[in-house]
$ cat entry_34.txt   # compact mmCIF, C-alpha atoms
# COMPACT_ATOMS: atom_id res chain seq x y z
CA MET A 1 -15.16 6.94 -24.55
CA ALA A 2 -16.53 8.62 -21.45
CA ASP A 3 -20.14 8.29 -22.62
CA GLU A 4 -19.88 4.60 -23.41
CA THR A 5 -19.03 3.65 -19.90
CA LYS A 6 -21.21 6.17 -18.06
CA ASP A 7 -24.24 4.70 -16.27
CA ARG A 8 -23.29 1.17 -16.98
CA ILE A 9 -22.55 -1.72 -14.67
CA LEU A 10 -18.87 -2.07 -15.20
CA PHE A 11 -18.68 -5.17 -13.13
CA ASP A 12 -21.49 -7.68 -12.72
CA HIS A 13 -20.68 -11.12 -11.50
CA ASN A 14 -24.12 -12.55 -12.23
CA HIS A 15 -24.99 -11.97 -15.86
CA ASP A 16 -23.35 -14.53 -18.06
CA GLY A 17 -20.21 -14.05 -16.00
CA ILE A 18 -18.99 -10.59 -16.67
CA ASP A 19 -19.50 -7.39 -18.65
CA ARG A 20 -16.30 -8.05 -20.54
CA ARG A 21 -15.49 -4.51 -21.56
CA GLY A 22 -16.00 -3.29 -18.05
CA PHE A 23 -14.05 -6.16 -16.56
CA LEU A 24 -11.09 -5.54 -18.82
CA LYS A 25 -11.20 -1.83 -18.07
CA CYS A 26 -11.16 -2.51 -14.38
CA MET A 27 -8.21 -4.83 -14.74
CA ALA A 28 -6.20 -2.62 -17.06
CA TRP A 29 -5.05 -0.11 -14.52
CA ALA A 30 -1.60 0.09 -15.99
CA GLY A 31 -1.67 3.49 -17.57
CA THR A 32 -4.88 3.38 -19.64
CA GLY A 33 -6.68 5.63 -17.23
CA ALA A 34 -9.88 3.75 -17.84
CA LEU A 35 -10.78 2.82 -14.31
CA CYS A 36 -14.34 2.66 -13.30
CA VAL A 37 -14.07 5.74 -11.15
CA VAL A 38 -12.82 8.12 -13.81
CA GLU A 39 -16.04 7.93 -15.75
CA GLY A 40 -18.08 9.39 -12.93
CA GLY A 41 -21.80 9.33 -12.41
CA VAL A 42 -23.81 6.78 -10.61
CA LEU A 43 -23.78 3.47 -12.36
CA LYS A 44 -27.22 2.22 -13.19
CA SER A 45 -27.76 -1.12 -11.64
CA PHE A 46 -30.95 -3.14 -11.62
CA ALA A 47 -30.40 -3.57 -7.90
CA LEU A 48 -30.71 0.10 -7.13
CA ASN A 49 -34.20 0.44 -8.56
CA ASP A 50 -35.72 -2.81 -7.43
CA PRO A 51 -38.03 -1.97 -4.53
CA ALA A 52 -38.91 -5.61 -3.94
CA ALA A 53 -35.32 -6.40 -3.10
CA LYS A 54 -35.08 -3.88 -0.34
CA HIS A 55 -35.99 -5.68 2.84
CA ALA A 56 -35.95 -9.37 2.13
CA LYS A 57 -33.50 -11.51 4.06
CA GLY A 58 -29.89 -11.17 3.01
CA GLN A 59 -30.53 -7.63 1.83
CA VAL A 60 -28.22 -4.84 2.73
CA SER A 61 -27.72 -1.37 1.42
CA PHE A 62 -24.78 0.64 2.71
CA VAL A 63 -22.12 3.07 1.70
CA GLN A 64 -18.36 2.82 2.06
CA ILE A 65 -16.31 5.98 2.47
CA SER A 66 -12.59 6.00 3.01
CA ASP A 67 -9.45 8.01 3.58
CA SER A 68 -10.97 11.31 4.69
CA HIS A 69 -7.51 12.37 6.01
CA MET A 70 -9.01 15.18 8.09
CA GLY A 71 -6.20 17.63 8.74
CA PHE A 72 -4.49 17.26 5.37
CA ASN A 73 -4.01 20.67 3.75
CA LYS A 74 -1.34 20.35 1.05
CA PRO A 75 -1.70 21.26 -2.66
CA ALA A 76 -3.40 18.00 -3.63
CA ASN A 77 -6.43 19.24 -1.65
CA PRO A 78 -6.27 22.30 0.59
CA ASP A 79 -9.86 21.72 1.78
CA VAL A 80 -10.61 18.15 2.78
CA VAL A 81 -13.54 19.41 4.88
CA ALA A 82 -15.34 20.61 1.77
CA THR A 83 -14.80 17.36 -0.10
CA LEU A 84 -15.94 15.22 2.83
CA LYS A 85 -19.06 17.38 3.07
CA ALA A 86 -19.58 16.88 -0.67
CA ALA A 87 -19.32 13.13 -0.12
CA VAL A 88 -22.01 13.33 2.57
CA GLU A 89 -24.25 15.30 0.18
CA LYS A 90 -23.69 12.62 -2.44
CA ILE A 91 -24.68 9.93 0.07
CA ASN A 92 -27.78 11.85 1.06
CA ALA A 93 -28.79 12.14 -2.59
CA LEU A 94 -28.55 8.43 -3.40
CA PRO A 95 -31.78 7.01 -4.89
CA VAL A 96 -31.86 4.20 -2.35
CA ALA A 97 -30.99 5.51 1.12
CA PRO A 98 -28.20 3.41 2.61
CA GLU A 99 -28.93 1.90 6.02
CA PHE A 100 -25.45 2.50 7.43
CA MET A 101 -21.88 3.38 6.47
CA LEU A 102 -18.47 1.77 6.59
CA HIS A 103 -15.40 3.97 6.92
CA THR A 104 -12.33 2.01 5.85
CA GLY A 105 -9.80 4.15 7.69
CA ASP A 106 -7.42 7.11 7.58
CA ILE A 107 -10.26 9.02 9.15
CA SER A 108 -7.69 11.57 10.38
CA HIS A 109 -4.40 12.64 8.88
CA LEU A 110 -2.28 12.94 12.00
CA SER A 111 -4.39 11.19 14.67
CA LYS A 112 -5.21 14.58 16.24
CA PRO A 113 -8.33 14.78 18.45
CA SER A 114 -9.59 17.82 16.52
CA GLU A 115 -9.32 15.87 13.26
CA PHE A 116 -11.44 13.00 14.58
CA ASP A 117 -13.90 15.53 16.04
CA ASN A 118 -14.26 17.27 12.67
CA VAL A 119 -15.05 14.04 10.86
CA ASP A 120 -17.61 13.07 13.50
CA GLN A 121 -19.20 16.48 13.16
CA ILE A 122 -19.44 16.28 9.37
CA LEU A 123 -20.82 12.74 9.40
CA LYS A 124 -23.64 13.93 11.69
CA SER A 125 -25.28 15.37 8.56
CA ALA A 126 -25.32 12.02 6.78
CA LYS A 127 -28.70 10.30 6.60
CA PRO A 128 -27.23 6.94 7.63
CA GLN A 129 -26.23 7.69 11.21
CA GLN A 130 -24.73 4.34 12.04
CA VAL A 131 -21.07 4.18 10.97
CA PHE A 132 -18.71 1.24 11.38
CA PHE A 133 -15.00 2.07 11.30
CA VAL A 134 -11.68 0.35 10.88
CA PRO A 135 -8.45 2.33 11.41
CA GLY A 136 -5.90 3.38 8.84
CA GLU A 137 -2.21 3.86 9.64
CA HIS A 138 -2.84 7.62 10.00
CA ASP A 139 -5.33 6.95 12.82
CA VAL A 140 -2.96 5.08 15.12
CA LEU A 141 0.07 7.38 15.29
CA GLU A 142 1.86 7.87 18.63
CA ASP A 143 -0.50 5.88 20.86
CA ILE A 144 -0.76 2.40 19.35
CA GLY A 145 -4.34 3.22 18.46
CA ALA A 146 -5.60 3.96 21.98
CA GLN A 147 -7.47 7.08 20.92
CA TYR A 148 -8.95 5.35 17.86
CA ARG A 149 -10.30 2.51 20.00
CA GLU A 150 -11.65 4.91 22.60
CA ARG A 151 -13.63 6.73 19.91
CA TYR A 152 -14.59 3.99 17.46
CA GLY A 153 -13.59 0.64 18.86
CA LYS A 154 -15.59 0.31 22.06
CA ASN A 155 -16.81 -3.24 21.54
CA THR A 156 -13.96 -4.56 19.49
CA ASN A 157 -11.19 -7.07 20.09
CA GLY A 158 -7.44 -6.62 20.20
CA SER A 159 -6.40 -3.59 18.15
CA GLY A 160 -9.97 -3.05 16.94
CA TRP A 161 -11.28 -6.03 15.00
CA TYR A 162 -14.91 -7.14 15.22
CA SER A 163 -17.87 -8.58 13.37
CA PHE A 164 -21.59 -7.91 13.19
CA ASP A 165 -24.62 -9.06 11.25
CA LYS A 166 -27.09 -7.11 9.20
CA ASN A 167 -30.11 -8.94 7.85
CA GLY A 168 -28.28 -12.21 7.41
CA VAL A 169 -25.09 -10.72 5.99
CA HIS A 170 -21.97 -11.16 8.14
CA PHE A 171 -19.61 -8.16 8.30
CA ILE A 172 -16.03 -8.50 9.52
CA GLY A 173 -13.89 -5.43 10.31
CA LEU A 174 -10.17 -6.22 10.32
CA VAL A 175 -7.16 -4.15 11.39
CA ASN A 176 -4.03 -4.47 9.28
CA VAL A 177 -2.19 -1.26 10.16
CA MET A 178 -0.62 -2.18 13.51
CA ASN A 179 2.86 -3.54 14.25
CA LEU A 180 4.07 -2.98 10.73
CA LYS A 181 7.50 -4.50 10.21
CA ALA A 182 10.37 -2.84 8.39
CA GLY A 183 10.20 -3.70 4.70
CA GLY A 184 6.80 -5.30 5.10
CA LEU A 185 3.25 -4.70 3.96
CA GLY A 186 0.08 -4.48 6.04
CA SER A 187 -0.27 -7.12 8.74
CA LEU A 188 -3.16 -8.87 10.50
CA GLY A 189 -1.19 -10.92 13.06
CA GLY A 190 -1.74 -14.32 14.61
CA GLU A 191 -4.19 -13.28 17.30
CA GLN A 192 -6.55 -11.64 14.82
CA LEU A 193 -6.33 -14.56 12.39
CA GLU A 194 -7.21 -17.01 15.14
CA TRP A 195 -10.16 -14.83 16.14
CA LEU A 196 -11.32 -14.74 12.51
CA GLU A 197 -11.23 -18.50 12.22
CA ARG A 198 -13.37 -18.86 15.35
CA ASP A 199 -15.69 -16.05 14.31
CA VAL A 200 -16.81 -17.72 11.06
CA LYS A 201 -16.54 -21.32 12.17
CA HIS A 202 -20.23 -21.95 12.72
CA LEU A 203 -21.65 -19.83 9.93
CA LYS A 204 -23.49 -21.52 7.08
CA HIS A 205 -21.65 -21.58 3.76
CA SER A 206 -24.48 -19.60 2.22
CA THR A 207 -23.97 -16.62 4.53
CA PRO A 208 -22.80 -13.63 2.48
CA ILE A 209 -19.56 -12.32 3.97
CA ILE A 210 -18.30 -8.76 3.76
CA VAL A 211 -14.79 -8.08 5.05
CA PHE A 212 -13.56 -4.53 5.42
CA ALA A 213 -10.04 -3.38 6.29
CA HIS A 214 -7.87 -0.39 5.46
CA ILE A 215 -4.95 -1.76 3.46
CA PRO A 216 -5.91 -4.01 0.52
CA LEU A 217 -6.13 -7.68 1.37
CA TRP A 218 -4.67 -8.61 -1.97
CA THR A 219 -1.29 -7.60 -3.35
CA VAL A 220 -2.04 -4.57 -5.49
CA TYR A 221 1.53 -3.25 -5.69
CA PRO A 222 4.13 -4.47 -3.18
CA ASP A 223 6.76 -1.81 -3.96
CA TRP A 224 4.41 0.78 -2.52
CA GLY A 225 3.30 -1.37 0.40
CA TRP A 226 -0.11 -1.93 -1.19
CA GLY A 227 -0.90 -5.36 0.21
CA THR A 228 -1.10 -7.40 3.43
CA ASP A 229 1.59 -9.91 4.37
CA ASP A 230 -0.75 -12.50 5.90
CA SER A 231 -4.01 -11.93 4.02
CA ALA A 232 -3.82 -15.37 2.38
CA GLN A 233 -4.34 -16.94 5.79
CA ALA A 234 -7.38 -14.76 6.41
CA LEU A 235 -8.88 -15.72 3.07
CA SER A 236 -8.25 -19.40 3.72
CA HIS A 237 -10.62 -19.14 6.71
CA LEU A 238 -13.30 -17.80 4.34
CA LYS A 239 -12.85 -20.43 1.65
CA LYS A 240 -16.08 -22.27 2.40
CA PHE A 241 -18.33 -19.29 1.76
CA GLY A 242 -20.14 -18.85 -1.53
CA SER A 243 -19.94 -15.06 -1.54
CA VAL A 244 -17.14 -13.02 -0.03
CA THR A 245 -16.71 -9.32 -0.71
CA VAL A 246 -13.61 -7.52 0.52
CA LEU A 247 -13.78 -3.74 0.80
CA ASN A 248 -10.57 -1.77 1.32
CA GLY A 249 -9.21 1.76 1.09
CA HIS A 250 -5.65 3.07 1.45
CA ILE A 251 -4.78 3.40 -2.23
CA HIS A 252 -7.12 6.33 -2.96
CA GLN A 253 -8.46 4.92 -6.22
CA THR A 254 -10.89 2.23 -7.16
CA MET A 255 -9.62 -1.13 -8.16
CA GLN A 256 -11.27 -4.49 -8.37
CA LYS A 257 -10.22 -8.11 -8.55
CA VAL A 258 -12.08 -11.38 -8.54
CA GLU A 259 -10.62 -14.61 -7.28
CA GLY A 260 -13.11 -17.47 -7.25
CA ASN A 261 -15.86 -16.57 -4.80
CA VAL A 262 -14.03 -13.51 -3.50
CA THR A 263 -14.52 -10.05 -4.97
CA PHE A 264 -12.00 -7.42 -3.84
CA HIS A 265 -12.80 -3.74 -4.21
CA THR A 266 -10.95 -0.61 -3.12
CA ALA A 267 -12.61 2.76 -2.73
CA CYS A 268 -11.67 6.31 -3.63
CA SER A 269 -10.61 8.74 -0.95
CA THR A 270 -12.77 11.71 -0.07
CA ALA A 271 -9.57 13.76 0.38
CA PHE A 272 -7.03 13.31 -2.44
CA PRO A 273 -6.15 10.85 -5.19
CA GLN A 274 -2.96 8.81 -5.45
CA PRO A 275 -1.21 7.69 -8.63
CA LYS A 276 -1.87 4.39 -10.34
CA PRO A 277 0.65 1.70 -9.36
CA GLY A 278 4.07 2.54 -10.74
CA ALA A 279 2.83 5.62 -12.60
CA ALA A 280 4.77 7.98 -10.29
CA PRO A 281 7.98 7.80 -8.22
CA SER A 282 5.95 7.26 -5.03
CA PRO A 283 2.37 6.74 -3.81
CA GLY A 284 2.05 10.24 -2.32
CA PRO A 285 -0.86 12.67 -2.77
CA MET A 286 -1.40 13.41 -6.46
CA LYS A 287 -2.18 16.93 -7.58
CA VAL A 288 -4.73 17.21 -10.39
CA PRO A 289 -6.16 20.40 -11.95
CA GLU A 290 -8.56 21.98 -9.47
CA ASP A 291 -11.61 21.45 -11.68
CA ARG A 292 -10.81 17.73 -11.87
CA LEU A 293 -10.34 17.09 -8.17
CA ARG A 294 -13.89 16.05 -7.37
CA SER A 295 -13.98 13.63 -10.27
CA VAL A 296 -11.19 11.59 -8.69
CA LEU A 297 -12.72 11.48 -5.20
CA GLY A 298 -15.78 9.47 -4.34
CA ILE A 299 -17.92 7.04 -2.38
CA THR A 300 -18.93 3.43 -2.93
CA SER A 301 -22.46 2.14 -2.48
CA VAL A 302 -23.10 -1.54 -1.97
CA GLN A 303 -26.35 -3.39 -2.29
CA SER A 304 -27.17 -7.00 -2.18
CA VAL A 305 -29.94 -8.27 -4.38
CA HIS A 306 -32.42 -10.96 -3.57
CA GLY A 307 -31.36 -14.24 -5.15
CA LYS A 308 -28.15 -12.91 -6.58
CA HIS A 309 -24.75 -14.19 -5.61
CA ALA A 310 -22.59 -11.12 -5.69
CA LEU A 311 -23.21 -7.64 -4.42
CA ALA A 312 -23.79 -4.64 -6.61
CA VAL A 313 -20.81 -2.42 -5.86
CA THR A 314 -21.18 1.04 -7.34
CA ASP A 315 -18.57 3.78 -7.30
CA SER A 316 -19.69 7.39 -7.56
CA THR A 317 -17.31 10.28 -7.87
CA LEU A 318 -18.05 13.62 -6.24
CA ALA A 319 -18.43 15.37 -9.58
CA MET B 1 24.16 58.94 22.77
CA LYS B 2 27.35 57.31 24.06
CA ARG B 3 25.32 54.78 26.06
CA ARG B 4 23.25 53.94 23.00
CA VAL B 5 26.40 53.27 20.96
CA LEU B 6 27.81 51.12 23.76
CA LYS B 7 24.62 49.08 24.01
CA PHE B 8 24.54 48.64 20.26
CA SER B 9 28.17 47.48 20.06
CA LEU B 10 27.58 45.09 22.93
CA SER B 11 24.65 43.48 21.19
CA LEU B 12 26.67 43.25 17.96
CA VAL B 13 29.40 41.42 19.84
CA LEU B 14 26.90 39.04 21.43
CA LEU B 15 25.32 38.40 18.04
CA ALA B 16 28.73 37.64 16.52
CA LEU B 17 29.50 35.23 19.35
CA SER B 18 26.21 33.39 18.94
CA PHE B 19 26.83 32.99 15.21
CA ALA B 20 30.24 31.56 16.00
CA SER B 21 28.81 28.90 18.26
CA THR B 22 26.11 27.72 15.82
CA SER B 23 28.40 27.55 12.83
CA GLY B 24 30.17 24.45 14.14
CA ALA B 25 33.11 25.98 15.92
CA ALA B 26 35.57 23.62 17.52
CA GLY B 27 33.97 21.38 20.18
CA ASN B 28 30.51 20.92 18.53
CA SER B 29 29.59 17.59 16.86
CA PRO B 30 29.25 17.74 13.07
CA SER B 31 25.86 16.81 11.63
CA VAL B 32 24.67 14.66 8.79
CA ALA B 33 21.46 15.44 6.94
CA ILE B 34 19.09 12.82 5.60
CA THR B 35 16.14 13.98 3.53
CA ILE B 36 12.84 12.20 3.13
CA ASP B 37 11.54 12.58 -0.43
CA ASN B 38 9.16 10.49 -2.49
CA PHE B 39 8.83 7.89 0.25
CA SER B 40 12.62 7.36 0.41
CA PHE B 41 15.39 8.18 2.83
CA THR B 42 18.27 9.90 1.02
CA PRO B 43 21.03 8.88 1.39
CA GLN B 44 19.60 5.47 2.18
CA GLU B 45 22.82 4.35 3.81
CA VAL B 46 25.17 6.63 5.75
CA ARG B 47 28.42 6.00 7.55
CA VAL B 48 29.17 8.33 10.43
CA LYS B 49 31.50 8.65 13.39
CA ALA B 50 29.76 7.66 16.61
CA GLY B 51 28.58 10.85 18.26
CA THR B 52 27.56 12.55 15.03
CA THR B 53 24.24 14.36 15.04
CA ILE B 54 21.86 12.99 12.41
CA VAL B 55 18.99 15.17 11.20
CA TRP B 56 16.11 13.90 9.08
CA THR B 57 13.88 16.40 7.27
CA ASN B 58 10.58 15.36 5.67
CA HIS B 59 10.00 16.95 2.27
CA ASP B 60 7.00 14.83 1.35
CA ASP B 61 3.40 16.02 1.42
CA ILE B 62 2.58 13.10 3.71
CA PRO B 63 3.87 12.37 7.24
CA HIS B 64 6.59 9.82 7.90
CA THR B 65 8.37 8.48 10.97
CA VAL B 66 11.93 7.42 11.65
CA VAL B 67 12.07 4.31 13.81
CA SER B 68 15.07 2.10 14.47
CA SER B 69 14.33 -1.53 13.66
CA ASP B 70 15.50 -2.59 17.14
CA ASP B 71 12.59 -0.47 18.43
CA SER B 72 14.71 1.19 21.09
CA SER B 73 17.61 3.18 19.66
CA PHE B 74 15.57 6.02 18.19
CA LYS B 75 11.95 6.70 17.40
CA SER B 76 10.45 9.89 16.05
CA LYS B 77 6.92 11.21 16.28
CA ALA B 78 5.02 11.51 13.01
CA LEU B 79 6.87 14.15 10.98
CA ASP B 80 4.69 16.36 8.84
CA THR B 81 6.06 18.29 5.83
CA ASP B 82 9.26 20.20 6.79
CA ASP B 83 9.37 18.66 10.29
CA LYS B 84 12.75 17.43 11.50
CA PHE B 85 13.96 14.65 13.74
CA THR B 86 17.38 14.56 15.33
CA THR B 87 19.34 11.83 17.01
CA VAL B 88 22.90 11.25 18.13
CA LEU B 89 24.23 7.70 18.03
CA THR B 90 26.92 7.51 20.67
CA LYS B 91 27.32 3.75 20.48
CA PRO B 92 29.05 2.33 17.38
CA GLY B 93 27.02 -0.19 15.44
CA THR B 94 24.70 -0.71 12.49
CA TYR B 95 21.28 0.84 12.88
CA ALA B 96 18.63 -0.25 10.43
CA TYR B 97 15.55 1.93 10.52
CA TYR B 98 12.25 2.40 8.71
CA CYS B 99 9.11 4.47 8.54
CA SER B 100 6.50 2.83 10.77
CA ILE B 101 3.67 4.33 8.71
CA HIS B 102 5.09 3.17 5.36
CA PRO B 103 7.31 0.23 6.32
CA LYS B 104 8.62 -0.29 2.81
CA MET B 105 10.77 2.82 3.45
CA THR B 106 14.01 1.67 4.98
CA GLY B 107 17.43 3.12 5.69
CA LYS B 108 20.66 2.27 7.47
CA ILE B 109 23.19 4.12 9.58
CA VAL B 110 26.62 2.67 10.31
CA ALA B 111 28.18 4.42 13.26
CA GLU B 112 31.89 3.71 13.70
$ encode --input "entry_34.txt" --output "structure tokens"
Amino acid sequence: MADETKDRILFDHNHDGIDRRGFLKCMAWAGTGALCVVEGGVLKSFALNDPAAKHAKGQVSFVQISDSHMGFNKPANPDVVATLKAAVEKINALPVAPEFMLHTGDISHLSKPSEFDNVDQILKSAKPQQVFFVPGEHDVLEDIGAQYRERYGKNTNGSGWYSFDKNGVHFIGLVNVMNLKAGGLGSLGGEQLEWLERDVKHLKHSTPIIVFAHIPLWTVYPDWGWGTDDSAQALSHLKKFGSVTVLNGHIHQTMQKVEGNVTFHTACSTAFPQPKPGAAPSPGPMKVPEDRLRSVLGITSVQSVHGKHALAVTDSTLA
Amino acid sequence: MKRRVLKFSLSLVLLALSFASTSGAAGNSPSVAITIDNFSFTPQEVRVKAGTTIVWTNHDDIPHTVVSSDDSSFKSKALDTDDKFTTVLTKPGTYAYYCSIHPKMTGKIVAE
């Protein structure tokens, strides 16, 4: 089973719709264990090897890392420094060098200055030096995110939301880990939603949109808080666009969902895995045998391809 | 030799006294323990006399907080594994609370 799915595009929105086996595997998270990430290896994608696609307009090539939890040291992974370094090595070994990186939050484990410093230090060895961040709930403890914004949110709005363009692709970093209400999920808030509406108002419908935020912007599993209360409103502002990709973290496993023109994708953590929805009493750190750890941690590389609608999103585990 | 014995007995007496005062001798407020396990507060609902000391202990491998839903009655820092948070509710009332990092975790204290 492992060999069948290795080195294959498990999700491709452009060829005759979908690679059905891969699509079903991605959807069947409920206990089958056959998620894209578990099979490891770099997925072969025509996009990765096409040199002509590299610098044309609308082309981007970047890597998403997530949930480094610097400072975590419990049994699920006593050495998150080593695994983050392994992730950087993996990035540096990619066949097509990414131009920049996105970090989708939980950079630190306890919002300690030394934890942020350690991540910064380790990322200095990554080939792509430009990193765009959004905070996770572990990054904004005690100070309503003041330290996070001081370090990573210099030109952002409100609690740290912002947008930028790369070669015709519009990136939007959202913050959904502030002001969480008792019993609720992640939350964007009115001010951020209004900003989002204004931010995309004058963009052409053909502009590829990439949204990145920590907590999933679709309801993965509400009992564990895996969702965002007001994400539907955010997505309604992006309805007109032909291609929207949403990249999230928080759940420490890859998962994917397609809804019309929107593709949602969550990334692995570089620190520790978490159980599949409902497969354990709680979403806490999941201990796996030591020799399996690196196969459940990973990075995500994203490339757009000239003339193609969707992005090639490729998960690679650390081992 | 005599002085040594005296000193020793004195410290024994002091030790005994200090044990007496920490073991809840008359005059100290009783305490109620709430544990945090598997992203839950246990017991999820407690009834106490106003003035009771309440102690939360985090047994999870991930940090949690204890924050009253009214945002003012009590608010802990992030509690790592084995960290504790203590509060005394002197005013009777119902205090709903939650973990501000994982807001699906909720609990309630009824102080009478």
$ residues_around --input "entry_34.txt" --residues "stretch 95-107 of chain B" --least-positions-apart "3" --cutoff "10 Å" --atoms "only C-alpha atoms" --output "JSON, numbers by chain"
{"A": [136, 137, 138, 140, 141, 177, 178, 179, 180, 181, 182, 183, 184, 185, 186, 222, 223, 224, 225, 226], "B": [34, 36, 38, 39, 40, 41, 42, 43, 44, 45, 46, 63, 64, 65, 66, 67, 68, 69, 70, 71, 73, 74, 75, 76, 78, 89, 92, 110, 111]}
$ write_last_selection --input "entry_34.txt" --atoms "C-alpha atoms" --output "CSV table (one decimal), keeping the file's coordinate frame"
chain,number,residue,atom,x,y,z
A,136,GLY,CA,-5.9,3.4,8.8
A,137,GLU,CA,-2.2,3.9,9.6
A,138,HIS,CA,-2.8,7.6,10.0
A,140,VAL,CA,-3.0,5.1,15.1
A,141,LEU,CA,0.1,7.4,15.3
A,177,VAL,CA,-2.2,-1.3,10.2
A,178,MET,CA,-0.6,-2.2,13.5
A,179,ASN,CA,2.9,-3.5,14.2
A,180,LEU,CA,4.1,-3.0,10.7
A,181,LYS,CA,7.5,-4.5,10.2
A,182,ALA,CA,10.4,-2.8,8.4
A,183,GLY,CA,10.2,-3.7,4.7
A,184,GLY,CA,6.8,-5.3,5.1
A,185,LEU,CA,3.2,-4.7,4.0
A,186,GLY,CA,0.1,-4.5,6.0
A,222,PRO,CA,4.1,-4.5,-3.2
A,223,ASP,CA,6.8,-1.8,-4.0
A,224,TRP,CA,4.4,0.8,-2.5
A,225,GLY,CA,3.3,-1.4,0.4
A,226,TRP,CA,-0.1,-1.9,-1.2
B,34,ILE,CA,19.1,12.8,5.6
B,36,ILE,CA,12.8,12.2,3.1
B,38,ASN,CA,9.2,10.5,-2.5
B,39,PHE,CA,8.8,7.9,0.2
B,40,SER,CA,12.6,7.4,0.4
B,41,PHE,CA,15.4,8.2,2.8
B,42,THR,CA,18.3,9.9,1.0
B,43,PRO,CA,21.0,8.9,1.4
B,44,GLN,CA,19.6,5.5,2.2
B,45,GLU,CA,22.8,4.4,3.8
B,46,VAL,CA,25.2,6.6,5.8
B,63,PRO,CA,3.9,12.4,7.2
B,64,HIS,CA,6.6,9.8,7.9
B,65,THR,CA,8.4,8.5,11.0
B,66,VAL,CA,11.9,7.4,11.6
B,67,VAL,CA,12.1,4.3,13.8
B,68,SER,CA,15.1,2.1,14.5
B,69,SER,CA,14.3,-1.5,13.7
B,70,ASP,CA,15.5,-2.6,17.1
B,71,ASP,CA,12.6,-0.5,18.4
B,73,SER,CA,17.6,3.2,19.7
B,74,PHE,CA,15.6,6.0,18.2
B,75,LYS,CA,12.0,6.7,17.4
B,76,SER,CA,10.4,9.9,16.0
B,78,ALA,CA,5.0,11.5,13.0
B,89,LEU,CA,24.2,7.7,18.0
B,92,PRO,CA,29.0,2.3,17.4
B,110,VAL,CA,26.6,2.7,10.3
B,111,ALA,CA,28.2,4.4,13.3
$ atom_distance --input "entry_34.txt" --atom1 "atom CA of A:Leu94" --atom2 "atom CA of A:Lys124"
16.8 Å
$ closest_residue --input "entry_34.txt" --among "A:Glu150, A:Asp315, A:Asp143, A:Glu89" --to "A:Leu110" --atoms "only C-alpha atoms"
A:Asp143
$ residues_around --input "entry_34.txt" --residues "A:Asp165" --least-positions-apart "6" --cutoff "12 Å" --atoms "all atoms listed in the file" --output "list in words"
Lys57, Gly58, Gln59, Val60, Phe132, Phe171, Ile172, Gly173, Asp199, Val200, Leu203, Thr207, Pro208, Ile209, Ile210 and Val211 of chain A
$ atom_distance --input "entry_34.txt" --atom1 "atom CA of A:Gly227" --atom2 "atom CA of A:Ser243"
21.4 Å
$ closest_residue --input "entry_34.txt" --among "B:Val55, B:Leu6, B:Gly93, B:Glu112" --to "B:Pro30" --atoms "all atoms listed in the file"
B:Val55
$ closest_residue --input "entry_34.txt" --among "A:Ser125, A:Ser282, A:Ser68, A:Thr263" --to "chain B" --atoms "only C-alpha atoms"
A:Ser282
$ closest_residue --input "entry_34.txt" --among "A:Ala213, A:Val88, A:Val81, A:Met101" --to "A:Val134" --atoms "all atoms listed in the file"
A:Ala213
$ atom_distance --input "entry_34.txt" --atom1 "atom CA of B:Lys84" --atom2 "atom CA of B:Ala50"
20.3 Å
$ closest_residue --input "entry_34.txt" --among "A:Ala76, A:Val258, A:Ala86, A:Leu247" --to "chain B" --atoms "only C-alpha atoms"
A:Ala76
$ closest_residue --input "entry_34.txt" --among "B:Thr35, B:Thr81, B:Val5, B:Ser72" --to "chain A" --atoms "all atoms listed in the file"
B:Thr81
$ residues_around --input "entry_34.txt" --residues "A:Gly158" --least-positions-apart "2" --cutoff "12 Å" --atoms "only C-alpha atoms" --output "PyMOL selection string"
chain A and resi 144-146+149+153-156+160-162+173-176+178+188-196
